[in-house]
file entry-v7.csv (CSV, C-alpha atoms and all ligand atoms)
chain,number,residue,atom,x,y,z
A,89,MET,CA,58.8,-3.5,-27.9
A,90,ASN,CA,57.0,-3.2,-31.3
A,91,LEU,CA,53.4,-1.9,-31.1
A,92,ARG,CA,50.8,-4.6,-31.9
A,93,VAL,CA,47.1,-4.6,-32.8
A,94,ILE,CA,45.4,-7.7,-31.6
A,95,ASN,CA,41.6,-7.0,-31.8
A,96,PRO,CA,40.4,-9.0,-34.9
A,97,ALA,CA,37.4,-6.6,-35.3
A,98,PHE,CA,39.7,-3.7,-35.9
A,99,ILE,CA,42.0,-5.6,-38.2
A,100,GLU,CA,39.1,-6.8,-40.3
A,101,ALA,CA,37.3,-3.5,-40.4
A,102,MET,CA,40.5,-1.8,-41.6
A,103,GLN,CA,41.1,-4.6,-44.2
A,104,ARG,CA,37.6,-3.9,-45.6
A,105,ARG,CA,38.6,-0.3,-46.0
A,106,GLY,CA,41.7,-1.4,-47.9
A,107,ILE,CA,44.2,-0.8,-45.1
A,108,ASP,CA,46.6,-3.6,-44.1
A,109,ILE,CA,47.5,-3.2,-40.4
A,110,ASN,CA,50.7,-5.4,-41.0
A,111,LYS,CA,52.0,-2.7,-43.3
A,112,ALA,CA,51.1,0.3,-41.0
A,113,SER,CA,53.9,2.8,-40.2
A,114,PRO,CA,55.0,3.1,-36.6
A,115,ASP,CA,53.3,6.6,-36.5
A,116,ASP,CA,49.9,5.1,-37.6
A,117,MET,CA,50.3,2.3,-35.0
A,118,ARG,CA,50.5,5.0,-32.3
A,119,SER,CA,46.8,5.6,-33.1
A,120,TYR,CA,45.7,2.1,-34.2
A,121,VAL,CA,46.6,0.6,-30.9
A,122,CYS,CA,44.1,2.9,-29.3
A,123,GLY,CA,41.5,2.7,-32.0
A,124,GLN,CA,41.1,-1.0,-31.5
A,125,CYS,CA,39.3,-0.2,-28.3
A,126,HIS,CA,38.3,3.5,-28.6
A,127,GLY,CA,35.9,3.0,-31.5
A,128,GLU,CA,32.2,2.4,-32.2
A,129,TYR,CA,31.2,-1.2,-32.6
A,130,TYR,CA,28.2,-3.5,-32.5
A,131,PHE,CA,27.6,-7.3,-31.9
A,132,GLU,CA,26.5,-9.3,-34.9
A,133,PRO,CA,23.2,-11.0,-33.7
A,134,GLU,CA,24.0,-14.6,-34.7
A,135,SER,CA,27.8,-14.9,-34.3
A,136,LYS,CA,28.0,-12.4,-31.3
A,137,LYS,CA,31.1,-11.1,-33.0
A,138,ALA,CA,32.2,-7.5,-32.4
A,139,VAL,CA,32.1,-5.5,-35.7
A,140,PHE,CA,33.2,-1.9,-36.4
A,141,PRO,CA,30.7,-0.2,-38.7
A,142,TRP,CA,33.2,1.5,-41.0
A,143,ASP,CA,32.6,0.0,-44.5
A,144,LYS,CA,31.1,3.3,-45.8
A,145,GLY,CA,33.4,5.6,-43.8
A,146,MET,CA,33.7,7.0,-40.3
A,147,LEU,CA,31.4,10.0,-40.5
A,148,PRO,CA,28.2,9.9,-38.4
A,149,GLU,CA,26.0,9.7,-41.5
A,150,GLN,CA,28.2,7.0,-43.1
A,151,MET,CA,28.0,4.8,-40.0
A,152,TYR,CA,24.3,5.4,-39.9
A,153,ALA,CA,23.9,4.5,-43.6
A,154,TYR,CA,25.8,1.3,-42.8
A,155,TYR,CA,23.4,0.4,-39.9
A,156,GLN,CA,20.4,1.2,-42.1
A,157,GLU,CA,21.3,-1.8,-44.3
A,158,LYS,CA,20.7,-4.0,-41.2
A,159,PRO,CA,24.1,-5.7,-41.4
A,160,ALA,CA,23.8,-9.5,-40.6
A,161,GLY,CA,20.3,-8.8,-39.4
A,162,PHE,CA,21.3,-6.2,-36.8
A,163,ASP,CA,18.3,-3.9,-36.5
A,164,GLN,CA,18.6,-2.1,-33.2
A,165,ASP,CA,20.4,-2.0,-29.8
A,166,TRP,CA,17.1,-1.2,-28.0
A,167,LEU,CA,13.5,-0.1,-28.4
A,168,HIS,CA,12.5,3.2,-27.0
A,169,PRO,CA,9.6,2.7,-24.6
A,170,ASP,CA,7.9,6.0,-25.4
A,171,SER,CA,8.3,6.5,-29.1
A,172,GLN,CA,8.7,2.7,-30.0
A,173,ALA,CA,11.6,3.8,-32.2
A,174,LYS,CA,14.3,1.2,-32.9
A,175,MET,CA,17.4,2.8,-31.4
A,176,LEU,CA,21.2,2.5,-31.9
A,177,LYS,CA,23.6,3.0,-29.0
A,178,ALA,CA,26.9,4.7,-29.8
A,179,GLN,CA,30.1,3.6,-28.1
A,180,HIS,CA,33.2,5.9,-27.5
A,181,PRO,CA,34.0,6.9,-31.1
A,182,GLU,CA,37.3,8.6,-30.3
A,183,PHE,CA,39.1,7.0,-33.3
A,184,GLU,CA,36.5,8.0,-35.8
A,185,THR,CA,36.1,11.6,-34.5
A,186,TRP,CA,39.8,12.2,-34.3
A,187,SER,CA,40.5,10.8,-37.7
A,188,GLY,CA,38.6,13.6,-39.5
A,189,GLY,CA,39.8,16.4,-37.3
A,190,VAL,CA,42.7,18.8,-37.8
A,191,HIS,CA,45.1,16.7,-35.7
A,192,GLY,CA,44.1,13.4,-37.2
A,193,LYS,CA,44.4,14.8,-40.7
A,194,SER,CA,47.8,16.3,-39.8
A,195,GLY,CA,49.1,12.9,-38.6
A,196,VAL,CA,49.1,13.8,-34.9
A,197,SER,CA,48.5,10.5,-33.2
A,198,CYS,CA,46.6,9.6,-30.0
A,199,ALA,CA,49.9,8.8,-28.3
A,200,ASP,CA,51.4,12.2,-29.2
A,201,CYS,CA,48.9,13.9,-26.9
A,202,HIS,CA,47.9,11.2,-24.4
A,203,MET,CA,51.3,9.5,-24.0
A,204,PRO,CA,53.8,12.4,-24.5
A,205,TYR,CA,57.5,12.1,-24.3
A,206,MET,CA,58.9,12.8,-20.8
A,207,ARG,CA,62.4,13.4,-19.5
A,208,LYS,CA,63.8,12.3,-16.2
A,209,GLN,CA,67.5,12.5,-15.3
A,210,GLY,CA,68.4,12.9,-18.9
A,211,GLN,CA,66.4,9.8,-20.0
A,212,LYS,CA,63.6,10.1,-22.5
A,213,TYR,CA,60.5,7.9,-22.1
A,214,THR,CA,56.8,7.8,-23.1
A,215,SER,CA,54.4,8.7,-20.4
A,216,HIS,CA,52.1,5.7,-19.5
A,217,TRP,CA,49.8,7.9,-17.5
A,218,VAL,CA,47.1,7.8,-20.2
A,219,THR,CA,44.8,10.5,-19.1
A,220,SER,CA,43.6,14.1,-20.0
A,221,PRO,CA,46.5,15.8,-21.9
A,222,MET,CA,45.6,19.0,-20.0
A,223,ARG,CA,47.4,17.5,-16.9
A,224,LEU,CA,50.6,17.5,-18.9
A,225,THR,CA,50.0,20.4,-21.3
A,226,LYS,CA,53.6,21.3,-21.7
A,227,GLU,CA,54.7,17.8,-22.7
A,228,SER,CA,51.5,17.0,-24.7
A,229,CYS,CA,50.9,20.1,-26.7
A,230,MET,CA,53.9,22.3,-26.6
A,231,PRO,CA,56.4,20.2,-28.6
A,232,CYS,CA,54.2,21.5,-31.6
A,233,HIS,CA,52.5,24.6,-30.3
A,234,THR,CA,54.3,27.8,-29.5
A,235,GLN,CA,51.3,29.4,-27.7
A,236,SER,CA,51.3,29.6,-23.9
A,237,GLU,CA,49.8,26.9,-21.7
A,238,ALA,CA,47.1,29.3,-20.7
A,239,TRP,CA,46.1,29.9,-24.3
A,240,LEU,CA,45.9,26.2,-25.1
A,241,LEU,CA,43.8,25.5,-22.0
A,242,ASP,CA,41.5,28.4,-23.0
A,243,ARG,CA,41.1,27.0,-26.5
A,244,VAL,CA,40.2,23.5,-25.2
A,245,LYS,CA,37.7,25.0,-22.7
A,246,THR,CA,36.1,27.2,-25.3
A,247,ILE,CA,35.7,24.3,-27.7
A,248,GLN,CA,34.3,22.1,-25.0
A,249,ASN,CA,31.8,24.8,-23.7
A,250,ASN,CA,30.5,25.3,-27.3
A,251,ALA,CA,30.1,21.6,-27.8
A,252,TRP,CA,28.4,21.1,-24.4
A,253,GLN,CA,25.8,23.8,-25.1
A,254,LEU,CA,24.7,22.3,-28.4
A,255,GLN,CA,24.9,18.7,-27.0
A,256,ARG,CA,22.6,19.7,-24.3
A,257,ALA,CA,20.1,21.4,-26.7
A,258,ALA,CA,20.2,18.3,-29.0
A,259,GLY,CA,19.6,15.9,-26.1
A,260,GLN,CA,16.7,17.9,-24.8
A,261,THR,CA,15.1,18.2,-28.3
A,262,VAL,CA,15.5,14.5,-29.0
A,263,ALA,CA,14.0,13.6,-25.6
A,264,ARG,CA,11.0,15.9,-26.5
A,265,ALA,CA,10.7,14.1,-29.9
A,266,HIS,CA,10.3,10.7,-28.2
A,267,GLU,CA,7.7,12.1,-25.9
A,268,VAL,CA,5.7,13.7,-28.7
A,269,ILE,CA,5.8,10.6,-30.9
A,270,GLY,CA,4.6,8.6,-27.9
A,271,LYS,CA,1.6,10.9,-27.4
A,272,ALA,CA,0.9,11.1,-31.1
A,273,GLY,CA,1.0,7.3,-31.3
A,274,ALA,CA,-1.7,7.1,-28.7
A,275,VAL,CA,-4.1,9.0,-31.0
A,276,THR,CA,-6.3,6.2,-32.5
A,277,LYS,CA,-6.6,7.6,-36.0
A,278,ALA,CA,-3.0,8.6,-36.4
A,279,ASN,CA,-1.4,7.9,-39.8
A,280,GLN,CA,0.9,4.9,-39.1
A,281,ALA,CA,3.2,5.5,-42.1
A,282,GLU,CA,3.8,9.1,-41.0
A,283,LEU,CA,4.5,7.9,-37.4
A,284,ASP,CA,7.1,5.5,-38.7
A,285,LYS,CA,8.8,8.4,-40.6
A,286,ALA,CA,8.9,10.3,-37.3
A,287,ARG,CA,10.4,7.3,-35.5
A,288,GLU,CA,13.0,7.0,-38.3
A,289,LEU,CA,13.8,10.7,-37.8
A,290,VAL,CA,14.2,10.4,-34.0
A,291,ARG,CA,16.4,7.3,-34.4
A,292,LYS,CA,18.7,9.3,-36.7
A,293,ALA,CA,18.6,12.5,-34.6
A,294,GLN,CA,19.5,10.5,-31.5
A,295,TRP,CA,22.4,8.7,-33.3
A,296,PHE,CA,23.8,12.1,-34.3
A,297,TRP,CA,23.5,13.3,-30.6
A,298,ASP,CA,24.9,10.0,-29.2
A,299,ILE,CA,27.9,9.8,-31.5
A,300,VAL,CA,29.0,13.1,-29.9
A,301,ALA,CA,27.8,12.4,-26.4
A,302,ALA,CA,29.5,9.0,-26.2
A,303,GLU,CA,32.7,10.5,-27.5
A,304,ASN,CA,35.0,11.5,-24.6
A,305,SER,CA,36.7,14.7,-25.6
A,306,MET,CA,33.6,16.9,-25.5
A,307,GLY,CA,34.3,18.2,-29.0
A,308,PHE,CA,38.1,18.7,-28.9
A,309,HIS,CA,39.1,15.9,-31.2
A,310,ASN,CA,37.1,17.4,-34.1
A,311,PRO,CA,35.3,20.7,-33.1
A,312,ASP,CA,33.7,21.7,-36.4
A,313,GLN,CA,32.4,18.2,-37.2
A,314,VAL,CA,31.0,17.9,-33.7
A,315,LEU,CA,29.1,21.2,-34.0
A,316,ASN,CA,27.8,20.2,-37.4
A,317,THR,CA,26.6,16.8,-36.1
A,318,LEU,CA,24.8,18.4,-33.2
A,319,GLY,CA,23.2,21.0,-35.4
A,320,ARG,CA,21.8,18.3,-37.7
A,321,SER,CA,20.6,16.3,-34.7
A,322,ILE,CA,18.6,19.3,-33.4
A,323,ASP,CA,17.1,19.9,-36.9
A,324,MET,CA,16.1,16.2,-37.3
A,325,ALA,CA,14.6,16.1,-33.8
A,326,HIS,CA,12.4,19.1,-34.7
A,327,GLN,CA,11.4,17.4,-38.0
A,328,ALA,CA,10.5,14.3,-36.0
A,329,ILE,CA,8.2,16.4,-33.7
A,330,ALA,CA,6.5,18.1,-36.7
A,331,THR,CA,6.0,14.8,-38.5
A,332,ALA,CA,4.5,13.1,-35.5
A,333,ASN,CA,2.1,16.0,-35.0
A,334,ARG,CA,1.2,15.9,-38.7
A,335,ALA,CA,0.5,12.1,-38.4
A,336,ALA,CA,-1.9,12.6,-35.5
A,337,GLY,CA,-3.3,16.1,-36.3
A,338,THR,CA,-2.0,17.3,-32.9
A,339,SER,CA,0.2,20.1,-31.7
A,340,PHE,CA,2.1,18.5,-28.8
B,401,LIG,C1,42.2,-2.8,-24.5
B,401,LIG,C2,41.3,-1.7,-24.7
B,401,LIG,C3,42.0,-0.3,-24.7
B,401,LIG,C4,43.1,0.2,-25.3
B,401,LIG,C5,44.0,-0.6,-26.3
B,401,LIG,C6,43.2,1.6,-25.0
B,401,LIG,N1,42.2,1.9,-24.2
B,401,LIG,FE1,42.0,3.8,-23.4
B,401,LIG,N2,40.5,3.1,-22.2
B,401,LIG,C7,39.9,1.8,-22.2
B,401,LIG,C8,38.9,1.7,-21.2
B,401,LIG,C9,38.0,0.5,-21.0
B,401,LIG,C10,38.9,3.0,-20.5
B,401,LIG,C11,37.9,3.4,-19.4
B,401,LIG,C12,38.6,3.0,-18.1
B,401,LIG,C13,37.8,3.4,-16.9
B,401,LIG,O1,36.8,4.1,-17.0
B,401,LIG,O2,38.2,3.0,-15.8
B,401,LIG,C14,39.9,3.8,-21.1
B,401,LIG,C15,40.2,5.1,-20.7
B,401,LIG,C16,41.0,6.0,-21.4
B,401,LIG,C17,41.2,7.4,-21.1
B,401,LIG,C18,40.6,8.1,-19.9
B,401,LIG,C19,41.5,7.9,-18.7
B,401,LIG,C20,41.1,8.8,-17.6
B,401,LIG,O3,41.9,9.6,-17.1
B,401,LIG,O4,40.0,8.7,-17.1
B,401,LIG,C21,42.1,7.9,-22.0
B,401,LIG,C22,42.6,9.3,-22.1
B,401,LIG,C23,42.4,6.8,-22.9
B,401,LIG,N3,41.8,5.6,-22.5
B,401,LIG,C24,43.3,6.9,-24.0
B,401,LIG,C25,43.8,5.8,-24.7
B,401,LIG,C26,44.9,5.9,-25.6
B,401,LIG,C27,45.6,7.2,-26.0
B,401,LIG,C28,45.2,4.6,-26.0
B,401,LIG,C29,46.3,4.2,-27.0
B,401,LIG,C30,47.6,4.6,-26.6
B,401,LIG,C31,44.3,3.7,-25.3
B,401,LIG,N4,43.5,4.5,-24.5
B,401,LIG,C32,44.2,2.4,-25.5
B,401,LIG,C33,40.3,0.8,-23.1
B,401,LIG,C34,41.4,0.8,-23.9
B,402,LIG,C1,45.9,17.0,-30.3
B,402,LIG,C2,45.9,16.2,-29.1
B,402,LIG,C3,45.0,15.0,-29.0
B,402,LIG,C4,44.9,13.9,-29.9
B,402,LIG,C5,45.8,13.7,-31.1
B,402,LIG,C6,44.0,13.0,-29.3
B,402,LIG,N1,43.5,13.5,-28.2
B,402,LIG,FE1,42.2,12.6,-26.9
B,402,LIG,N2,41.9,14.3,-25.9
B,402,LIG,C7,42.6,15.5,-26.1
B,402,LIG,C8,42.1,16.5,-25.2
B,402,LIG,C9,42.6,18.0,-25.1
B,402,LIG,C10,41.1,16.0,-24.5
B,402,LIG,C11,40.2,16.7,-23.5
B,402,LIG,C12,40.7,16.5,-22.1
B,402,LIG,C13,40.0,17.1,-21.0
B,402,LIG,O1,38.8,17.4,-21.2
B,402,LIG,O2,40.5,17.4,-19.9
B,402,LIG,C14,41.0,14.6,-24.9
B,402,LIG,C15,40.1,13.6,-24.3
B,402,LIG,C16,40.2,12.3,-24.6
B,402,LIG,C17,39.5,11.3,-23.8
B,402,LIG,C18,38.7,11.5,-22.5
B,402,LIG,C19,39.8,11.7,-21.4
B,402,LIG,C20,39.2,11.9,-20.1
B,402,LIG,O3,40.0,12.3,-19.2
B,402,LIG,O4,38.0,11.7,-19.9
B,402,LIG,C21,39.8,10.1,-24.4
B,402,LIG,C22,39.4,8.7,-23.9
B,402,LIG,C23,40.7,10.3,-25.6
B,402,LIG,N3,40.9,11.7,-25.6
B,402,LIG,C24,41.2,9.4,-26.4
B,402,LIG,C25,41.8,9.7,-27.6
B,402,LIG,C26,42.1,8.7,-28.6
B,402,LIG,C27,41.8,7.2,-28.6
B,402,LIG,C28,42.8,9.4,-29.6
B,402,LIG,C29,43.2,8.9,-31.0
B,402,LIG,C30,42.2,8.2,-31.7
B,402,LIG,C31,43.0,10.7,-29.2
B,402,LIG,N4,42.4,10.9,-27.9
B,402,LIG,C32,43.7,11.8,-29.8
B,402,LIG,C33,43.7,15.6,-27.0
B,402,LIG,C34,44.0,14.7,-28.0
B,403,LIG,C1,52.5,16.6,-33.0
B,403,LIG,C2,52.1,18.0,-33.2
B,403,LIG,C3,50.9,18.5,-32.4
B,403,LIG,C4,50.6,18.2,-31.1
B,403,LIG,C5,51.3,17.3,-30.1
B,403,LIG,C6,49.4,19.0,-30.8
B,403,LIG,N1,49.0,19.7,-31.9
B,403,LIG,FE1,47.5,21.0,-32.0
B,403,LIG,N2,47.8,21.3,-34.0
B,403,LIG,C7,48.8,20.7,-34.7
B,403,LIG,C8,48.7,20.9,-36.1
B,403,LIG,C9,49.6,20.5,-37.2
B,403,LIG,C10,47.5,21.7,-36.2
B,403,LIG,C11,46.9,22.3,-37.5
B,403,LIG,C12,47.0,23.8,-37.6
B,403,LIG,C13,48.5,24.2,-37.6
B,403,LIG,O1,49.2,23.8,-38.5
B,403,LIG,O2,48.8,25.0,-36.7
B,403,LIG,C14,47.0,21.9,-34.9
B,403,LIG,C15,45.9,22.7,-34.5
B,403,LIG,C16,45.4,22.9,-33.2
B,403,LIG,C17,44.3,23.8,-32.9
B,403,LIG,C18,43.4,24.5,-33.8
B,403,LIG,C19,42.3,23.5,-34.1
B,403,LIG,C20,41.3,23.7,-35.1
B,403,LIG,O3,40.4,22.9,-35.1
B,403,LIG,O4,41.4,24.6,-35.9
B,403,LIG,C21,44.2,23.8,-31.5
B,403,LIG,C22,43.2,24.5,-30.7
B,403,LIG,C23,45.2,22.9,-31.0
B,403,LIG,N3,45.9,22.4,-32.1
B,403,LIG,C24,45.4,22.5,-29.7
B,403,LIG,C25,46.2,21.5,-29.3
B,403,LIG,C26,46.3,21.0,-27.9
B,403,LIG,C27,45.4,21.6,-26.8
B,403,LIG,C28,47.2,20.1,-27.8
B,403,LIG,C29,47.6,19.2,-26.7
B,403,LIG,C30,46.6,18.5,-26.0
B,403,LIG,C31,47.8,19.9,-29.2
B,403,LIG,N4,47.1,20.8,-30.0
B,403,LIG,C32,48.8,19.0,-29.5
B,403,LIG,C33,49.8,19.9,-34.2
B,403,LIG,C34,49.9,19.4,-32.9

call {"tool": "encode", "arguments": {"input": "entry-v7.csv", "output": "structure tokens"}}
result
Amino acid sequence: MNLRVINPAFIEAMQRRGIDINKASPDDMRSYVCGQCHGEYYFEPESKKAVFPWDKGMLPEQMYAYYQEKPAGFDQDWLHPDSQAKMLKAQHPEFETWSGGVHGKSGVSCADCHMPYMRKQGQKYTSHWVTSPMRLTKESCMPCHTQSEAWLLDRVKTIQNNAWQLQRAAGQTVARAHEVIGKAGAVTKANQAELDKARELVRKAQWFWDIVAAENSMGFHNPDQVLNTLGRSIDMAHQAIATANRAAGTSF
């Protein structure tokens, strides 16, 4: 009945961060078992091996810095057809986002909220209905929180609405940046070095948007980090637009 982690990519990535999974506490295992799937990864081009990009840390900028070094020749997931920018695609980074949030920092595991303890006819067991904790708020949140169910639901909704608004603004601004770089790139005398700077900015802006958009809690796992990430995404997307216009002497 002991919890096991079997994904080699997770075990190796944690090892590189100095964490030996074999020595993990049962509490840590209640998040590690989930983190082996609910995390960001990429495929090494030659070996086709899955790798978690955590050598520099789990913050959006730390994972970005890791990718900027083209690990094992990995340069891009795809090329954007309008801006010709080399893009990264983020994958469900629940483990990374949670780990820096107030619950992660307080040792509240994934299973505490998503597999709460239940009682039936005097027997205690762990729920295996792995789903939104808001379906079982009493069991998921209220062993720790003394507030009412309505208060907790309202907090979750408020956090998610705030995140959604900025996520939408970031997505729209990033989309516009691709369009403007595409148009500026079509100007014959445009400065190519400046255009490349604009492409680099939109690559980073979209990474900052995607690391939130691809995460599945809509901000709840780490509200303040998520808002910070989205704010920086919007800023970088505007910088990309200004840089592209400067490159081509345009005002798209
Ligand atoms: C072997 C890989 C794997 C592991 C391990 C894993 N998950 Fe998942 N999880 C997935 C995939 C894939 C989906 C999407 C399933 C789908 O969309 O049908 C998912 C979906 C979910 C969902 C959404 C379910 C819903 O109601 O739509 C939650 C919540 C979740 N996982 C939490 C967890 C937690 C908590 C753990 C650890 C206790 C965990 N997962 C372990 C792969 C995994
Ligand atoms: C403090 C409680 C808490 C912890 C700890 C927590 N989550 Fe969540 N999680 C939530 C809440 C609340 C939501 C938003 C649910 C909703 O929107 O209905 C959520 C959403 C999700 C979703 C999307 C669920 C869906 O129905 O679409 C996934 C997947 C998920 N969490 C995985 C994880 C993983 C993996 C971990 C650990 C790395 C984790 N969570 C840690 C509370 C938690
Ligand atoms: C195992 C204990 C535990 C569980 C389960 C738990 N929390 Fe928490 N929660 C904490 C701790 C510890 C804090 C940090 C602040 C504090 O000490 O009150 C916190 C803080 C919060 C905050 C303030 C967040 C912030 O960023 O400032 C909210 C909102 C919250 N929890 C909601 C929830 C919801 C919703 C659930 C259920 C899905 C839940 N919690 C489950 C222990 C828990």

call {"tool": "residues_near_ligand", "arguments": {"input": "entry-v7.csv", "ligand": "ligand LIG 403 (chain B)", "cutoff": "7 Å", "atoms": "all atoms listed in the file", "output": "list of chain:residue names"}}
result
A:Gly189, A:Val190, A:His191, A:Ser194, A:Val196, A:Asp200, A:Cys201, A:Pro221, A:Met222, A:Thr225, A:Ser228, A:Cys229, A:Met230, A:Pro231, A:Cys232, A:His233, A:Leu240, A:Leu241, A:Arg243, A:Val244, A:Asn310, A:Pro311, A:Asp312

call {"tool": "closest_atom_pairs", "arguments": {"input": "entry-v7.csv", "of": "chain A", "to": "ligand LIG 402 (chain B)", "cutoff": "9 Å", "atoms": "only C-alpha atoms and all ligand atoms", "output": "Markdown table"}}
result
| residue | atom | partner | partner_atom | distance |
| --- | --- | --- | --- | --- |
| A:Arg118 | CA | B:LIG402 | C29 | 8.4 |
| A:Ser119 | CA | B:LIG402 | C29 | 5.3 |
| A:Tyr120 | CA | B:LIG402 | C30 | 7.5 |
| A:Val121 | CA | B:LIG402 | C27 | 8.5 |
| A:Cys122 | CA | B:LIG402 | C27 | 4.9 |
| A:Gly123 | CA | B:LIG402 | C30 | 5.6 |
| A:Gln124 | CA | B:LIG402 | C27 | 8.7 |
| A:Cys125 | CA | B:LIG402 | C27 | 7.8 |
| A:His126 | CA | B:LIG402 | C27 | 5.1 |
| A:Gly127 | CA | B:LIG402 | C27 | 7.8 |
| A:His180 | CA | B:LIG402 | C22 | 7.7 |
| A:Pro181 | CA | B:LIG402 | C27 | 8.2 |
| A:Glu182 | CA | B:LIG402 | C27 | 5.0 |
| A:Phe183 | CA | B:LIG402 | C30 | 3.7 |
| A:Glu184 | CA | B:LIG402 | C30 | 7.0 |
| A:Thr185 | CA | B:LIG402 | C30 | 7.5 |
| A:Trp186 | CA | B:LIG402 | C30 | 5.3 |
| A:Ser187 | CA | B:LIG402 | C30 | 6.8 |
| A:Val190 | CA | B:LIG402 | C1 | 8.4 |
| A:His191 | CA | B:LIG402 | C1 | 5.5 |
| A:Gly192 | CA | B:LIG402 | C5 | 6.3 |
| A:Gly195 | CA | B:LIG402 | C5 | 8.2 |
| A:Val196 | CA | B:LIG402 | C5 | 5.0 |
| A:Ser197 | CA | B:LIG402 | C5 | 4.7 |
| A:Cys198 | CA | B:LIG402 | C29 | 3.6 |
| A:Ala199 | CA | B:LIG402 | C5 | 7.0 |
| A:Asp200 | CA | B:LIG402 | C5 | 6.1 |
| A:Cys201 | CA | B:LIG402 | C2 | 4.4 |
| A:His202 | CA | B:LIG402 | N1 | 6.3 |
| A:Val218 | CA | B:LIG402 | C19 | 8.4 |
| A:Thr219 | CA | B:LIG402 | O3 | 5.1 |
| A:Ser220 | CA | B:LIG402 | O3 | 4.1 |
| A:Pro221 | CA | B:LIG402 | C9 | 5.5 |
| A:Met222 | CA | B:LIG402 | O2 | 5.3 |
| A:Arg223 | CA | B:LIG402 | O2 | 7.5 |
| A:Thr225 | CA | B:LIG402 | C9 | 8.7 |
| A:Ser228 | CA | B:LIG402 | C2 | 7.2 |
| A:Cys229 | CA | B:LIG402 | C2 | 6.8 |
| A:Leu240 | CA | B:LIG402 | C9 | 8.8 |
| A:Leu241 | CA | B:LIG402 | C9 | 8.2 |
| A:Val244 | CA | B:LIG402 | C9 | 6.0 |
| A:Lys245 | CA | B:LIG402 | O1 | 7.8 |
| A:Gln248 | CA | B:LIG402 | O1 | 7.5 |
| A:Glu303 | CA | B:LIG402 | C21 | 7.8 |
| A:Asn304 | CA | B:LIG402 | C18 | 4.3 |
| A:Ser305 | CA | B:LIG402 | C15 | 3.8 |
| A:Met306 | CA | B:LIG402 | O1 | 6.8 |
| A:Gly307 | CA | B:LIG402 | C11 | 8.2 |
| A:Phe308 | CA | B:LIG402 | C8 | 5.9 |
| A:His309 | CA | B:LIG402 | N1 | 5.8 |

call {"tool": "write_last_selection", "arguments": {"input": "entry-v7.csv", "atoms": "C-alpha atoms", "output": "mmCIF file, keeping the file's coordinate frame"}}
result
data_model
loop_
_atom_site.group_PDB
_atom_site.id
_atom_site.type_symbol
_atom_site.label_atom_id
_atom_site.label_comp_id
_atom_site.auth_asym_id
_atom_site.auth_seq_id
_atom_site.Cartn_x
_atom_site.Cartn_y
_atom_site.Cartn_z
ATOM 1 C CA ARG A 118 50.500 5.000 -32.300
ATOM 2 C CA SER A 119 46.800 5.600 -33.100
ATOM 3 C CA TYR A 120 45.700 2.100 -34.200
ATOM 4 C CA VAL A 121 46.600 0.600 -30.900
ATOM 5 C CA CYS A 122 44.100 2.900 -29.300
ATOM 6 C CA GLY A 123 41.500 2.700 -32.000
ATOM 7 C CA GLN A 124 41.100 -1.000 -31.500
ATOM 8 C CA CYS A 125 39.300 -0.200 -28.300
ATOM 9 C CA HIS A 126 38.300 3.500 -28.600
ATOM 10 C CA GLY A 127 35.900 3.000 -31.500
ATOM 11 C CA HIS A 180 33.200 5.900 -27.500
ATOM 12 C CA PRO A 181 34.000 6.900 -31.100
ATOM 13 C CA GLU A 182 37.300 8.600 -30.300
ATOM 14 C CA PHE A 183 39.100 7.000 -33.300
ATOM 15 C CA GLU A 184 36.500 8.000 -35.800
ATOM 16 C CA THR A 185 36.100 11.600 -34.500
ATOM 17 C CA TRP A 186 39.800 12.200 -34.300
ATOM 18 C CA SER A 187 40.500 10.800 -37.700
ATOM 19 C CA VAL A 190 42.700 18.800 -37.800
ATOM 20 C CA HIS A 191 45.100 16.700 -35.700
ATOM 21 C CA GLY A 192 44.100 13.400 -37.200
ATOM 22 C CA GLY A 195 49.100 12.900 -38.600
ATOM 23 C CA VAL A 196 49.100 13.800 -34.900
ATOM 24 C CA SER A 197 48.500 10.500 -33.200
ATOM 25 C CA CYS A 198 46.600 9.600 -30.000
ATOM 26 C CA ALA A 199 49.900 8.800 -28.300
ATOM 27 C CA ASP A 200 51.400 12.200 -29.200
ATOM 28 C CA CYS A 201 48.900 13.900 -26.900
ATOM 29 C CA HIS A 202 47.900 11.200 -24.400
ATOM 30 C CA VAL A 218 47.100 7.800 -20.200
ATOM 31 C CA THR A 219 44.800 10.500 -19.100
ATOM 32 C CA SER A 220 43.600 14.100 -20.000
ATOM 33 C CA PRO A 221 46.500 15.800 -21.900
ATOM 34 C CA MET A 222 45.600 19.000 -20.000
ATOM 35 C CA ARG A 223 47.400 17.500 -16.900
ATOM 36 C CA THR A 225 50.000 20.400 -21.300
ATOM 37 C CA SER A 228 51.500 17.000 -24.700
ATOM 38 C CA CYS A 229 50.900 20.100 -26.700
ATOM 39 C CA LEU A 240 45.900 26.200 -25.100
ATOM 40 C CA LEU A 241 43.800 25.500 -22.000
ATOM 41 C CA VAL A 244 40.200 23.500 -25.200
ATOM 42 C CA LYS A 245 37.700 25.000 -22.700
ATOM 43 C CA GLN A 248 34.300 22.100 -25.000
ATOM 44 C CA GLU A 303 32.700 10.500 -27.500
ATOM 45 C CA ASN A 304 35.000 11.500 -24.600
ATOM 46 C CA SER A 305 36.700 14.700 -25.600
ATOM 47 C CA MET A 306 33.600 16.900 -25.500
ATOM 48 C CA GLY A 307 34.300 18.200 -29.000
ATOM 49 C CA PHE A 308 38.100 18.700 -28.900
ATOM 50 C CA HIS A 309 39.100 15.900 -31.200
#

call {"tool": "closest_residue", "arguments": {"input": "entry-v7.csv", "among": "A:Ser113, A:Gln164, A:Gln150, A:Thr214", "to": "ligand LIG 401 (chain B)", "atoms": "only C-alpha atoms and all ligand atoms"}}
result
A:Thr214
